[in-house]
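Q: For reference, this is model-v4.pdb, and it has PDB, C-alpha atoms and all ligand atoms.
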```
ATOM      1  CA  MET Z  13     -65.653 -52.449 -60.720
ATOM      2  CA  GLN Z  14     -66.944 -54.330 -63.721
ATOM      3  CA  GLN Z  15     -64.163 -56.831 -64.447
ATOM      4  CA  ASP Z  16     -66.639 -59.443 -63.288
ATOM      5  CA  PHE Z  17     -69.341 -58.403 -65.748
ATOM      6  CA  PHE Z  18     -68.632 -61.239 -68.179
ATOM      7  CA  ARG Z  19     -68.462 -63.838 -65.416
ATOM      8  CA  HIS Z  20     -72.051 -63.393 -64.216
ATOM      9  CA  PRO Z  21     -75.460 -63.365 -65.901
ATOM     10  CA  PRO Z  22     -76.263 -59.760 -66.883
ATOM     11  CA  ASP Z  23     -79.231 -57.888 -65.409
ATOM     12  CA  ASP Z  24     -80.501 -54.343 -65.934
ATOM     13  CA  ALA Z  25     -78.365 -52.913 -63.110
ATOM     14  CA  SER Z  26     -75.084 -54.564 -64.115
ATOM     15  CA  VAL Z  27     -75.693 -53.767 -67.807
ATOM     16  CA  SER Z  28     -76.345 -50.132 -67.010
ATOM     17  CA  ARG Z  29     -73.116 -49.866 -64.956
ATOM     18  CA  LYS Z  30     -71.089 -51.659 -67.610
ATOM     19  CA  LEU Z  31     -72.395 -49.482 -70.451
ATOM     20  CA  ARG Z  32     -71.729 -46.257 -68.549
ATOM     21  CA  GLU Z  33     -68.165 -47.465 -67.954
ATOM     22  CA  LEU Z  34     -67.717 -48.246 -71.674
ATOM     23  CA  ALA Z  35     -69.070 -44.837 -72.667
ATOM     24  CA  ARG Z  36     -66.638 -43.134 -70.272
ATOM     25  CA  GLU Z  37     -63.689 -45.080 -71.660
ATOM     26  CA  ASN Z  38     -64.504 -44.863 -75.341
ATOM     27  CA  SER Z  39     -65.352 -41.638 -77.152
ATOM     28  CA  LYS Z  40     -66.594 -43.595 -80.220
ATOM     29  CA  LEU Z  41     -69.366 -45.190 -78.196
ATOM     30  CA  ARG Z  42     -72.590 -43.262 -77.643
ATOM     31  CA  LEU Z  43     -75.072 -44.435 -75.095
ATOM     32  CA  PHE Z  44     -78.773 -43.659 -75.393
ATOM     33  CA  ARG Z  45     -82.134 -45.054 -74.383
ATOM     34  CA  ALA Z  46     -84.216 -47.007 -76.902
ATOM     35  CA  GLY Z  47     -87.221 -46.989 -74.588
ATOM     36  CA  ARG Z  48     -88.565 -48.402 -71.362
ATOM     37  CA  SER Z  49     -89.941 -51.810 -70.407
ATOM     38  CA  VAL Z  50     -93.381 -52.576 -68.954
ATOM     39  CA  LEU Z  51     -91.913 -52.079 -65.462
ATOM     40  CA  GLY Z  52     -90.157 -48.868 -66.483
ATOM     41  CA  ARG Z  53     -86.671 -50.343 -66.771
ATOM     42  CA  GLU Z  54     -84.377 -48.702 -69.273
ATOM     43  CA  ILE Z  55     -83.809 -50.395 -72.649
ATOM     44  CA  PRO Z  56     -80.297 -49.197 -73.409
ATOM     45  CA  ALA Z  57     -78.793 -48.698 -76.859
ATOM     46  CA  ILE Z  58     -75.222 -48.214 -78.014
ATOM     47  CA  GLY Z  59     -74.399 -46.268 -81.159
ATOM     48  CA  PHE Z  60     -71.195 -46.187 -83.179
ATOM     49  CA  GLY Z  61     -70.594 -43.894 -86.152
ATOM     50  CA  ASN Z  62     -73.300 -42.720 -88.529
ATOM     51  CA  LEU Z  63     -76.580 -44.066 -87.163
ATOM     52  CA  LYS Z  64     -78.609 -43.280 -90.298
ATOM     53  CA  ASN Z  65     -78.927 -46.593 -92.182
ATOM     54  CA  ALA Z  66     -76.777 -48.268 -89.544
ATOM     55  CA  VAL Z  67     -76.656 -52.014 -89.008
ATOM     56  CA  ILE Z  68     -78.622 -52.999 -85.903
ATOM     57  CA  PHE Z  69     -77.920 -55.854 -83.467
ATOM     58  CA  VAL Z  70     -80.615 -56.797 -80.929
ATOM     59  CA  GLY Z  71     -80.187 -59.161 -77.972
ATOM     60  CA  ALA Z  72     -82.077 -60.593 -75.000
ATOM     61  CA  THR Z  73     -85.522 -60.429 -76.607
ATOM     62  CA  HIS Z  74     -86.213 -63.592 -74.596
ATOM     63  CA  GLY Z  75     -85.651 -63.762 -70.841
ATOM     64  CA  LEU Z  76     -83.740 -67.032 -70.698
ATOM     65  CA  GLU Z  77     -81.479 -65.937 -73.549
ATOM     66  CA  TRP Z  78     -79.504 -63.360 -71.556
ATOM     67  CA  LEU Z  79     -76.207 -64.763 -72.841
ATOM     68  CA  THR Z  80     -76.923 -62.849 -76.084
ATOM     69  CA  CYS Z  81     -76.767 -59.635 -74.017
ATOM     70  CA  SER Z  82     -73.331 -60.536 -72.632
ATOM     71  CA  LEU Z  83     -72.194 -61.442 -76.144
ATOM     72  CA  LEU Z  84     -73.280 -58.114 -77.649
ATOM     73  CA  ILE Z  85     -71.692 -56.064 -74.870
ATOM     74  CA  ARG Z  86     -68.469 -58.044 -75.120
ATOM     75  CA  PHE Z  87     -68.480 -57.302 -78.866
ATOM     76  CA  ALA Z  88     -69.304 -53.606 -78.332
ATOM     77  CA  GLU Z  89     -66.336 -53.268 -75.990
ATOM     78  CA  ASP Z  90     -63.829 -54.761 -78.442
ATOM     79  CA  PHE Z  91     -65.400 -53.159 -81.515
ATOM     80  CA  GLY Z  92     -65.297 -49.705 -79.917
ATOM     81  CA  ALA Z  93     -61.725 -50.182 -78.733
ATOM     82  CA  ALA Z  94     -60.569 -51.280 -82.194
ATOM     83  CA  TRP Z  95     -62.344 -48.346 -83.844
ATOM     84  CA  ALA Z  96     -60.961 -45.789 -81.384
ATOM     85  CA  SER Z  97     -57.388 -47.078 -81.630
ATOM     86  CA  GLY Z  98     -57.396 -47.562 -85.419
ATOM     87  CA  GLY Z  99     -56.720 -51.231 -84.722
ATOM     88  CA  GLU Z 100     -58.042 -54.477 -86.112
ATOM     89  CA  LEU Z 101     -60.714 -56.844 -84.951
ATOM     90  CA  ALA Z 102     -60.814 -60.332 -86.484
ATOM     91  CA  GLU Z 103     -58.175 -59.050 -88.954
ATOM     92  CA  ILE Z 104     -60.443 -56.245 -90.115
ATOM     93  CA  SER Z 105     -59.523 -52.572 -89.763
ATOM     94  CA  VAL Z 106     -62.660 -51.372 -88.027
ATOM     95  CA  SER Z 107     -62.204 -47.637 -88.625
ATOM     96  CA  ARG Z 108     -61.581 -48.243 -92.338
ATOM     97  CA  ALA Z 109     -64.402 -50.777 -92.805
ATOM     98  CA  MET Z 110     -66.844 -48.532 -90.930
ATOM     99  CA  ALA Z 111     -65.976 -45.257 -92.685
ATOM    100  CA  GLY Z 112     -69.288 -43.407 -93.154
ATOM    101  CA  ARG Z 113     -71.191 -46.324 -91.624
ATOM    102  CA  GLY Z 114     -72.718 -47.065 -88.267
ATOM    103  CA  LEU Z 115     -73.732 -49.769 -85.840
ATOM    104  CA  VAL Z 116     -76.518 -49.702 -83.257
ATOM    105  CA  ILE Z 117     -76.572 -52.368 -80.544
ATOM    106  CA  VAL Z 118     -79.605 -52.985 -78.323
ATOM    107  CA  PRO Z 119     -78.198 -55.633 -75.988
ATOM    108  CA  LEU Z 120     -81.117 -55.944 -73.555
ATOM    109  CA  LEU Z 121     -84.497 -55.538 -75.229
ATOM    110  CA  ASN Z 122     -86.362 -57.392 -72.473
ATOM    111  CA  PRO Z 123     -84.871 -56.316 -69.131
ATOM    112  CA  ASP Z 124     -87.950 -57.362 -67.117
ATOM    113  CA  GLY Z 125     -87.989 -60.828 -68.699
ATOM    114  CA  VAL Z 126     -84.270 -61.357 -68.033
ATOM    115  CA  ASN Z 127     -84.729 -60.375 -64.391
ATOM    116  CA  ILE Z 128     -87.703 -62.744 -64.030
ATOM    117  CA  ALA Z 129     -85.678 -65.551 -65.643
ATOM    118  CA  LEU Z 130     -82.776 -64.885 -63.266
ATOM    119  CA  TYR Z 131     -84.486 -63.944 -60.010
ATOM    120  CA  GLY Z 132     -88.074 -65.167 -60.307
ATOM    121  CA  PRO Z 133     -91.452 -63.386 -60.099
ATOM    122  CA  GLU Z 134     -90.403 -61.318 -57.082
ATOM    123  CA  SER Z 135     -88.255 -59.197 -59.393
ATOM    124  CA  ALA Z 136     -91.367 -58.054 -61.269
ATOM    125  CA  GLY Z 137     -92.327 -55.404 -58.700
ATOM    126  CA  SER Z 138     -95.961 -54.395 -59.028
ATOM    127  CA  LEU Z 139     -96.562 -57.348 -61.388
ATOM    128  CA  ALA Z 140     -94.950 -59.965 -59.119
ATOM    129  CA  ARG Z 141     -98.230 -61.701 -58.189
ATOM    130  CA  SER Z 142     -99.425 -61.768 -61.781
ATOM    131  CA  VAL Z 143     -96.081 -63.181 -63.009
ATOM    132  CA  GLU Z 144     -96.251 -65.789 -60.267
ATOM    133  CA  ARG Z 145     -99.719 -66.872 -61.410
ATOM    134  CA  MET Z 146     -98.672 -67.031 -65.070
ATOM    135  CA  GLN Z 147     -95.586 -69.054 -64.165
ATOM    136  CA  ALA Z 148     -97.676 -71.446 -62.042
ATOM    137  CA  GLU Z 149     -99.868 -72.216 -65.066
ATOM    138  CA  TYR Z 150     -96.826 -73.428 -67.006
ATOM    139  CA  PRO Z 151     -94.449 -74.726 -64.312
ATOM    140  CA  ASP Z 152     -92.272 -76.539 -66.862
ATOM    141  CA  LYS Z 153     -91.648 -73.414 -69.005
ATOM    142  CA  GLY Z 154     -88.772 -71.030 -68.351
ATOM    143  CA  TRP Z 155     -89.517 -67.304 -68.551
ATOM    144  CA  GLN Z 156     -89.084 -65.871 -72.068
ATOM    145  CA  ALA Z 157     -91.806 -63.201 -72.163
ATOM    146  CA  ASN Z 158     -91.936 -59.644 -70.863
ATOM    147  CA  ALA Z 159     -93.480 -58.781 -67.483
ATOM    148  CA  ARG Z 160     -97.018 -58.897 -68.946
ATOM    149  CA  GLY Z 161     -96.501 -62.428 -70.232
ATOM    150  CA  VAL Z 162     -96.158 -61.393 -73.883
ATOM    151  CA  ASP Z 163     -93.513 -63.124 -75.988
ATOM    152  CA  LEU Z 164     -91.932 -60.131 -77.755
ATOM    153  CA  ASN Z 165     -90.770 -62.254 -80.672
ATOM    154  CA  HIS Z 166     -94.414 -63.152 -81.350
ATOM    155  CA  ASN Z 167     -95.634 -59.551 -81.028
ATOM    156  CA  PHE Z 168     -94.517 -58.055 -84.344
ATOM    157  CA  ASP Z 169     -96.901 -57.360 -87.195
ATOM    158  CA  ALA Z 170     -95.807 -60.052 -89.637
ATOM    159  CA  GLY Z 171     -98.208 -62.960 -89.863
ATOM    160  CA  TRP Z 172     -99.368 -62.158 -86.321
ATOM    161  CA  GLN Z 173    -102.860 -63.630 -86.888
ATOM    162  CA  GLU Z 174    -101.392 -66.837 -88.305
ATOM    163  CA  ILE Z 175     -99.092 -67.409 -85.374
ATOM    164  CA  ARG Z 176    -101.838 -66.454 -82.919
ATOM    165  CA  ALA Z 177    -103.925 -69.305 -84.308
ATOM    166  CA  MET Z 178    -100.946 -71.663 -83.938
ATOM    167  CA  GLU Z 179    -100.332 -70.485 -80.378
ATOM    168  CA  ILE Z 180    -103.943 -71.169 -79.413
ATOM    169  CA  GLU Z 181    -103.847 -74.582 -81.046
ATOM    170  CA  ALA Z 182    -100.674 -75.383 -79.083
ATOM    171  CA  GLY Z 183    -102.337 -74.319 -75.809
ATOM    172  CA  PHE Z 184    -100.756 -70.864 -75.393
ATOM    173  CA  VAL Z 185    -104.073 -69.039 -75.093
ATOM    174  CA  ASN Z 186    -103.300 -66.586 -72.291
ATOM    175  CA  PRO Z 187    -100.335 -64.467 -71.217
ATOM    176  CA  GLY Z 188     -97.573 -66.651 -69.859
ATOM    177  CA  PRO Z 189     -93.859 -67.455 -69.826
ATOM    178  CA  THR Z 190     -93.588 -68.071 -73.568
ATOM    179  CA  ARG Z 191     -95.263 -67.950 -76.977
ATOM    180  CA  TYR Z 192     -98.227 -65.692 -76.243
ATOM    181  CA  GLY Z 193     -98.143 -62.956 -78.887
ATOM    182  CA  GLY Z 194    -100.104 -60.267 -77.033
ATOM    183  CA  PRO Z 195    -103.600 -58.792 -77.438
ATOM    184  CA  PHE Z 196    -102.649 -57.194 -80.769
ATOM    185  CA  PRO Z 197     -99.453 -56.614 -82.804
ATOM    186  CA  HIS Z 198     -96.994 -54.085 -81.331
ATOM    187  CA  SER Z 199     -98.935 -53.967 -78.046
ATOM    188  CA  GLU Z 200     -95.818 -53.941 -75.856
ATOM    189  CA  PRO Z 201     -93.507 -51.020 -74.978
ATOM    190  CA  GLU Z 202     -90.423 -53.126 -75.747
ATOM    191  CA  THR Z 203     -91.751 -53.834 -79.266
ATOM    192  CA  GLN Z 204     -92.542 -50.151 -79.694
ATOM    193  CA  ALA Z 205     -89.030 -49.184 -78.603
ATOM    194  CA  ILE Z 206     -87.630 -51.179 -81.520
ATOM    195  CA  LEU Z 207     -90.176 -49.669 -83.921
ATOM    196  CA  HIS Z 208     -89.144 -46.155 -82.914
ATOM    197  CA  MET Z 209     -85.503 -46.985 -83.503
ATOM    198  CA  MET Z 210     -86.337 -48.490 -86.875
ATOM    199  CA  ALA Z 211     -88.266 -45.387 -87.856
ATOM    200  CA  ALA Z 212     -85.474 -43.097 -86.665
ATOM    201  CA  PHE Z 213     -82.496 -44.925 -88.231
ATOM    202  CA  SER Z 214     -83.974 -46.976 -91.097
ATOM    203  CA  PRO Z 215     -81.299 -49.669 -90.583
ATOM    204  CA  ARG Z 216     -79.736 -51.316 -93.622
ATOM    205  CA  ARG Z 217     -79.438 -54.704 -91.867
ATOM    206  CA  LEU Z 218     -80.951 -56.326 -88.803
ATOM    207  CA  TYR Z 219     -79.422 -59.054 -86.651
ATOM    208  CA  SER Z 220     -81.622 -60.503 -83.913
ATOM    209  CA  PHE Z 221     -79.613 -62.649 -81.475
ATOM    210  CA  HIS Z 222     -81.271 -65.589 -79.712
ATOM    211  CA  SER Z 223     -80.149 -68.877 -78.222
ATOM    212  CA  GLN Z 224     -79.691 -71.692 -78.974
ATOM    213  CA  GLY Z 225     -78.979 -74.013 -81.936
ATOM    214  CA  GLU Z 226     -75.964 -72.677 -83.893
ATOM    215  CA  GLU Z 227     -78.307 -71.682 -86.690
ATOM    216  CA  ILE Z 228     -79.029 -68.627 -88.834
ATOM    217  CA  PHE Z 229     -82.526 -67.831 -90.127
ATOM    218  CA  TRP Z 230     -82.524 -65.457 -93.072
ATOM    219  CA  GLU Z 231     -85.912 -65.599 -94.828
ATOM    220  CA  TYR Z 232     -89.463 -64.555 -94.247
ATOM    221  CA  GLY Z 233     -92.510 -65.616 -96.199
ATOM    222  CA  GLY Z 234     -90.598 -66.099 -99.452
ATOM    223  CA  ILE Z 235     -90.152 -62.309 -99.788
ATOM    224  CA  PRO Z 236     -87.238 -61.701-102.169
ATOM    225  CA  VAL Z 237     -84.512 -59.612-100.539
ATOM    226  CA  PRO Z 238     -81.588 -58.612-102.774
ATOM    227  CA  GLY Z 239     -78.222 -59.667-101.366
ATOM    228  CA  SER Z 240     -79.661 -61.601 -98.459
ATOM    229  CA  GLU Z 241     -78.672 -65.090 -99.533
ATOM    230  CA  THR Z 242     -75.072 -64.060-100.279
ATOM    231  CA  ILE Z 243     -74.717 -62.411 -96.873
ATOM    232  CA  ALA Z 244     -76.285 -65.454 -95.193
ATOM    233  CA  GLN Z 245     -73.723 -67.695 -96.870
ATOM    234  CA  THR Z 246     -70.876 -65.438 -95.721
ATOM    235  CA  LEU Z 247     -72.215 -65.429 -92.144
ATOM    236  CA  SER Z 248     -72.467 -69.201 -92.212
ATOM    237  CA  ALA Z 249     -68.953 -69.617 -93.638
ATOM    238  CA  LEU Z 250     -67.489 -67.327 -90.952
ATOM    239  CA  SER Z 251     -69.301 -68.961 -88.021
ATOM    240  CA  GLY Z 252     -69.879 -72.558 -89.092
ATOM    241  CA  TYR Z 253     -73.545 -72.027 -88.160
ATOM    242  CA  ARG Z 254     -76.145 -73.775 -90.290
ATOM    243  CA  LEU Z 255     -78.451 -71.775 -92.566
ATOM    244  CA  ILE Z 256     -82.136 -72.519 -92.072
ATOM    245  CA  GLU Z 257     -84.080 -71.770 -95.237
ATOM    246  CA  ASN Z 258     -87.573 -72.388 -94.034
ATOM    247  CA  SER Z 259     -88.282 -71.913 -90.364
ATOM    248  CA  GLY Z 260     -91.798 -73.398 -90.541
ATOM    249  CA  LEU Z 261     -94.141 -72.828 -87.612
ATOM    250  CA  ALA Z 262     -91.801 -70.546 -85.690
ATOM    251  CA  SER Z 263     -91.553 -68.172 -88.617
ATOM    252  CA  HIS Z 264     -94.072 -65.416 -87.921
ATOM    253  CA  ALA Z 265     -94.374 -62.226 -85.885
ATOM    254  CA  GLY Z 266     -90.697 -62.143 -84.976
ATOM    255  CA  LEU Z 267     -88.561 -59.019 -85.219
ATOM    256  CA  LYS Z 268     -86.605 -60.399 -88.186
ATOM    257  CA  ASP Z 269     -89.855 -61.324 -89.952
ATOM    258  CA  TRP Z 270     -91.331 -57.852 -89.485
ATOM    259  CA  TYR Z 271     -88.059 -56.201 -90.548
ATOM    260  CA  ILE Z 272     -87.855 -58.216 -93.784
ATOM    261  CA  LYS Z 273     -91.547 -57.634 -94.536
ATOM    262  CA  THR Z 274     -91.354 -53.894 -93.840
ATOM    263  CA  PHE Z 275     -87.925 -52.895 -95.167
ATOM    264  CA  ARG Z 276     -87.215 -55.696 -97.683
ATOM    265  CA  ARG Z 277     -83.598 -55.607 -96.579
ATOM    266  CA  PRO Z 278     -81.447 -58.437 -95.224
ATOM    267  CA  GLY Z 279     -82.522 -59.464 -91.727
ATOM    268  CA  PHE Z 280     -81.264 -62.434 -89.720
ATOM    269  CA  THR Z 281     -81.982 -64.366 -86.559
ATOM    270  CA  VAL Z 282     -78.798 -65.858 -85.146
ATOM    271  CA  GLU Z 283     -79.294 -68.686 -82.649
ATOM    272  CA  ILE Z 284     -76.078 -68.702 -80.641
ATOM    273  CA  GLY Z 285     -74.568 -71.697 -78.843
ATOM    274  CA  LYS Z 286     -75.800 -75.186 -78.230
ATOM    275  CA  GLY Z 287     -77.462 -76.755 -75.220
ATOM    276  CA  GLN Z 288     -80.408 -75.888 -73.045
ATOM    277  CA  ASN Z 289     -81.516 -72.326 -72.212
ATOM    278  CA  PRO Z 290     -80.286 -70.560 -70.249
ATOM    279  CA  LEU Z 291     -76.856 -71.325 -71.638
ATOM    280  CA  PRO Z 292     -74.330 -70.990 -68.803
ATOM    281  CA  ILE Z 293     -72.142 -67.888 -68.572
ATOM    282  CA  GLU Z 294     -69.128 -70.175 -69.086
ATOM    283  CA  ASP Z 295     -70.276 -70.574 -72.705
ATOM    284  CA  LEU Z 296     -69.701 -66.878 -73.378
ATOM    285  CA  ALA Z 297     -65.959 -67.096 -74.089
ATOM    286  CA  PRO Z 298     -66.101 -69.970 -76.608
ATOM    287  CA  ILE Z 299     -69.206 -68.564 -78.345
ATOM    288  CA  TYR Z 300     -67.624 -65.109 -78.590
ATOM    289  CA  ALA Z 301     -64.392 -66.554 -80.001
ATOM    290  CA  ARG Z 302     -66.352 -68.453 -82.623
ATOM    291  CA  LEU Z 303     -68.679 -65.590 -83.592
ATOM    292  CA  LEU Z 304     -66.264 -62.640 -83.509
ATOM    293  CA  PRO Z 305     -65.307 -62.827 -87.224
ATOM    294  CA  MET Z 306     -68.967 -63.111 -88.225
ATOM    295  CA  MET Z 307     -70.121 -60.262 -85.973
ATOM    296  CA  THR Z 308     -67.304 -57.977 -87.161
ATOM    297  CA  ALA Z 309     -68.183 -58.649 -90.798
ATOM    298  CA  ALA Z 310     -71.904 -58.229 -90.076
ATOM    299  CA  ALA Z 311     -71.248 -54.675 -88.851
ATOM    300  CA  PHE Z 312     -70.304 -53.473 -92.341
ATOM    301  CA  LEU Z 313     -71.476 -56.122 -94.860
TER     302      LEU Z 313
HETATM  303 ZN    ZN O 401     -85.330 -66.522 -78.522
END
```
Can you give me the file's structure in the form of structure tokens?
A:
Amino acid sequence: MQQDFFRHPPDDASVSRKLRELARENSKLRLFRAGRSVLGREIPAIGFGNLKNAVIFVGATHGLEWLTCSLLIRFAEDFGAAWASGGELAEISVSRAMAGRGLVIVPLLNPDGVNIALYGPESAGSLARSVERMQAEYPDKGWQANARGVDLNHNFDAGWQEIRAMEIEAGFVNPGPTRYGGPFPHSEPETQAILHMMAAFSPRRLYSFHSQGEEIFWEYGGIPVPGSETIAQTLSALSGYRLIENSGLASHAGLKDWYIKTFRRPGFTVEIGKGQNPLPIEDLAPIYARLLPMMTAAAFL
């Protein structure tokens, strides 16, 4: 029984059960595996429609930001139901808007990191002792990284050297809970899982969901991307989230940065909610209500 799914923080086991249930109930929803984590946990993916040049949504890249996973699965459930029934979502006819198009959702890119954030180092199996040591070095930092202490959103090949220098200057020299970008770009299996999906589907848009701040980042390195600013303004108008034009020090080696650099297509980081990570599960309902029109539009814009 998964009625409780949206009332508790999601982990790999509950996500897997919930997604299997959705796939059973909805013939429009295809479930597949994007890859596996460092500890061998499944990185699930949901596909709707024509996956070639689909829009892609990615969540839970950071351990403490598991509410993005709940948000994406909540959206997948309603989006799939509206498509299957020919109904509307946020006053948009999903089956009509999505004709010939597709959406891929990767709700839980970092299953090991989410489990560590929720249940502590013990959940890291064979790496439990190592996670414990890394956590002890930074006792005031919550767990954002994968099970090897690599921050996946610092692991992409877009200004990786630049951010590595900044990390070292800020004291993040070794693997740890946050902001260590790995031994080299794309060193982690979770990063590689996304790269494989990108190569397979060549997505027309990327949305990377993080928390928190009620902000949307839409640029990387001044690279001109046709249509990006207009879409960013639409997203902002629909959500009331603030557009951040220049993300300064944080703006390297993230998934959105690599996507923009590589594909030169519109890519966005959406920082959901407001408060301190992890945002409580009680924030899911109000955040979903606020973001539903934006997420529905993002699927076909
Ligand atoms: Zn994040």
Q: Once the PyMOL selection byres (((not hetatm)) within 7 of (chain O and resi 401)) is applied to the coordinates I shared, what remains selected? I want it as an mmCIF file with C-alpha atoms, keeping the file's coordinate frame.
A:
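Dumped to out23.cif:
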```
data_model
loop_
_atom_site.group_PDB
_atom_site.id
_atom_site.type_symbol
_atom_site.label_atom_id
_atom_site.label_comp_id
_atom_site.auth_asym_id
_atom_site.auth_seq_id
_atom_site.Cartn_x
_atom_site.Cartn_y
_atom_site.Cartn_z
ATOM 1 C CA THR Z 73 -85.522 -60.429 -76.607
ATOM 2 C CA HIS Z 74 -86.213 -63.592 -74.596
ATOM 3 C CA GLU Z 77 -81.479 -65.937 -73.549
ATOM 4 C CA HIS Z 222 -81.271 -65.589 -79.712
ATOM 5 C CA SER Z 223 -80.149 -68.877 -78.222
#
```
Q: One decimal, Å: what's the distance from CA of Ile206 (chain Z) over to CA of Lys268 (chain Z), could you say?
A: 11.4 Å
Q: Restricting the calculation to only C-alpha atoms, which member of Z:Ser248, Z:Asn127, Z:Thr308, Z:Thr190 is positioned closest to Leu115 (chain Z)?
A: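 Under the stated criterion, the closest residue is Z:Thr308.
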Q: Determine, counting all atoms listed in the file, which protein, DNA and RNA residues have an atom within 12 Å of an atom of Ala249 (chain Z); residues of the same chain fewer than 3 positions away are not included. Present the result as a list in words.
A: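 Close residues of Ala249 (chain Z): Glu227, Ile228, Thr242, Ile243, Ala244, Gln245, Thr246, Gly252, Tyr253, Arg254, Leu255, Arg302, Leu303, Pro305, Met306 and Ala309 of chain Z.
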Q: Residue by residue, what does the PyMOL selection byres (((chain Z and resi 167) around 8) and not hetatm) grab here? Present the result as a list in words.
A: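 Applied to this file, the PyMOL selection byres (((chain Z and resi 167) around 8) and not hetatm) returns Val162, Asp163, Leu164, Asn165, His166, Phe168, Asp169, Trp172, Gly193, Gly194, Phe196, Pro197, His198, Ser199, Glu200, Thr203, Ala265 and Gly266 of chain Z.
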Q: Restricting it to C-alpha atoms, dump the selection as a JSON list (two decimals), in the coordinates of the input.
A:
```json
[["chain", "number", "residue", "atom", "x", "y", "z"],
["Z", 162, "VAL", "CA", -96.16, -61.39, -73.88],
["Z", 163, "ASP", "CA", -93.51, -63.12, -75.99],
["Z", 164, "LEU", "CA", -91.93, -60.13, -77.76],
["Z", 165, "ASN", "CA", -90.77, -62.25, -80.67],
["Z", 166, "HIS", "CA", -94.41, -63.15, -81.35],
["Z", 168, "PHE", "CA", -94.52, -58.06, -84.34],
["Z", 169, "ASP", "CA", -96.90, -57.36, -87.20],
["Z", 172, "TRP", "CA", -99.37, -62.16, -86.32],
["Z", 193, "GLY", "CA", -98.14, -62.96, -78.89],
["Z", 194, "GLY", "CA", -100.10, -60.27, -77.03],
["Z", 196, "PHE", "CA", -102.65, -57.19, -80.77],
["Z", 197, "PRO", "CA", -99.45, -56.61, -82.80],
["Z", 198, "HIS", "CA", -96.99, -54.08, -81.33],
["Z", 199, "SER", "CA", -98.94, -53.97, -78.05],
["Z", 200, "GLU", "CA", -95.82, -53.94, -75.86],
["Z", 203, "THR", "CA", -91.75, -53.83, -79.27],
["Z", 265, "ALA", "CA", -94.37, -62.23, -85.88],
["Z", 266, "GLY", "CA", -90.70, -62.14, -84.98]]
```
Q: One number please: CA of Pro187 (chain Z) to CA of Gln156 (chain Z), in Å, one decimal.
A: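 CA of Pro187 (chain Z) sits 11.4 Å away from CA of Gln156 (chain Z).
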Q: Each residue of region 77-108 of chain Z lying at most 9 Å from region 19-25 of chain Z should get a row with its shortest atom-to-atom pair and the distance in Å to one decimal, counting only C-alpha atoms; could you produce that, ordered by chain and increasing number, as CSV?
A:
```
residue,atom,partner,partner_atom,distance
Z:Trp78,CA,Z:Pro22,CA,6.7
Z:Leu79,CA,Z:Pro21,CA,7.1
Z:Cys81,CA,Z:Pro22,CA,7.2
Z:Ser82,CA,Z:Pro22,CA,6.5
```
Q: Give me, as a ChimeraX atom specification, all polymer residues having an atom no more than 12 Å from Gly59 (chain Z), counting all atoms listed in the file and skipping those fewer than 5 positions away in the same chain.
A: /Z:31,34-35,38-46,64-69,85,88-89,91-92,113-119,209,213,311
Q: Report the distance between CA of Met178 (chain Z) and CA of Ala157 (chain Z) in Å, rounded to one decimal place.
A: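 Going from CA of Met178 (chain Z) over to CA of Ala157 (chain Z) covers 17.1 Å.
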Q: Quick one: apply the PyMOL selection byres (((chain Z and resi 146) around 9) and not hetatm) to the file and drop the selected residues here as a list in words.
A: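 Expected selection for the PyMOL selection byres (((chain Z and resi 146) around 9) and not hetatm) here is Arg141, Ser142, Val143, Glu144, Arg145, Gln147, Ala148, Glu149, Tyr150, Pro151, Gly161, Asn186, Pro187, Gly188 and Pro189 of chain Z.
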Q: Hey, which of Z:Val126, Z:Ile104, Z:Met210, Z:Ala94 ends up closest to Arg53 (chain Z)? Count all atoms listed in the file.
A: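 Ranked by minimum distance to Arg53 (chain Z), first place goes to Z:Val126.
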Q: Taking into account only C-alpha atoms, which residue in the set Z:Met307, Z:Gly225, Z:Glu179, Z:Gly233 is nearest to Gln288 (chain Z)?
A: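 Between Z:Met307, Z:Gly225, Z:Glu179, Z:Gly233, the residue approaching Gln288 (chain Z) most closely is Z:Gly225.
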Q: Of the candidates Z:Ala102, Z:Glu33, Z:Ile272, Z:Phe18, which one gets nearest to Ser240 (chain Z) if we count only C-alpha atoms?
A: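 Answer, going by the shortest atom-to-atom distance: Z:Ile272.
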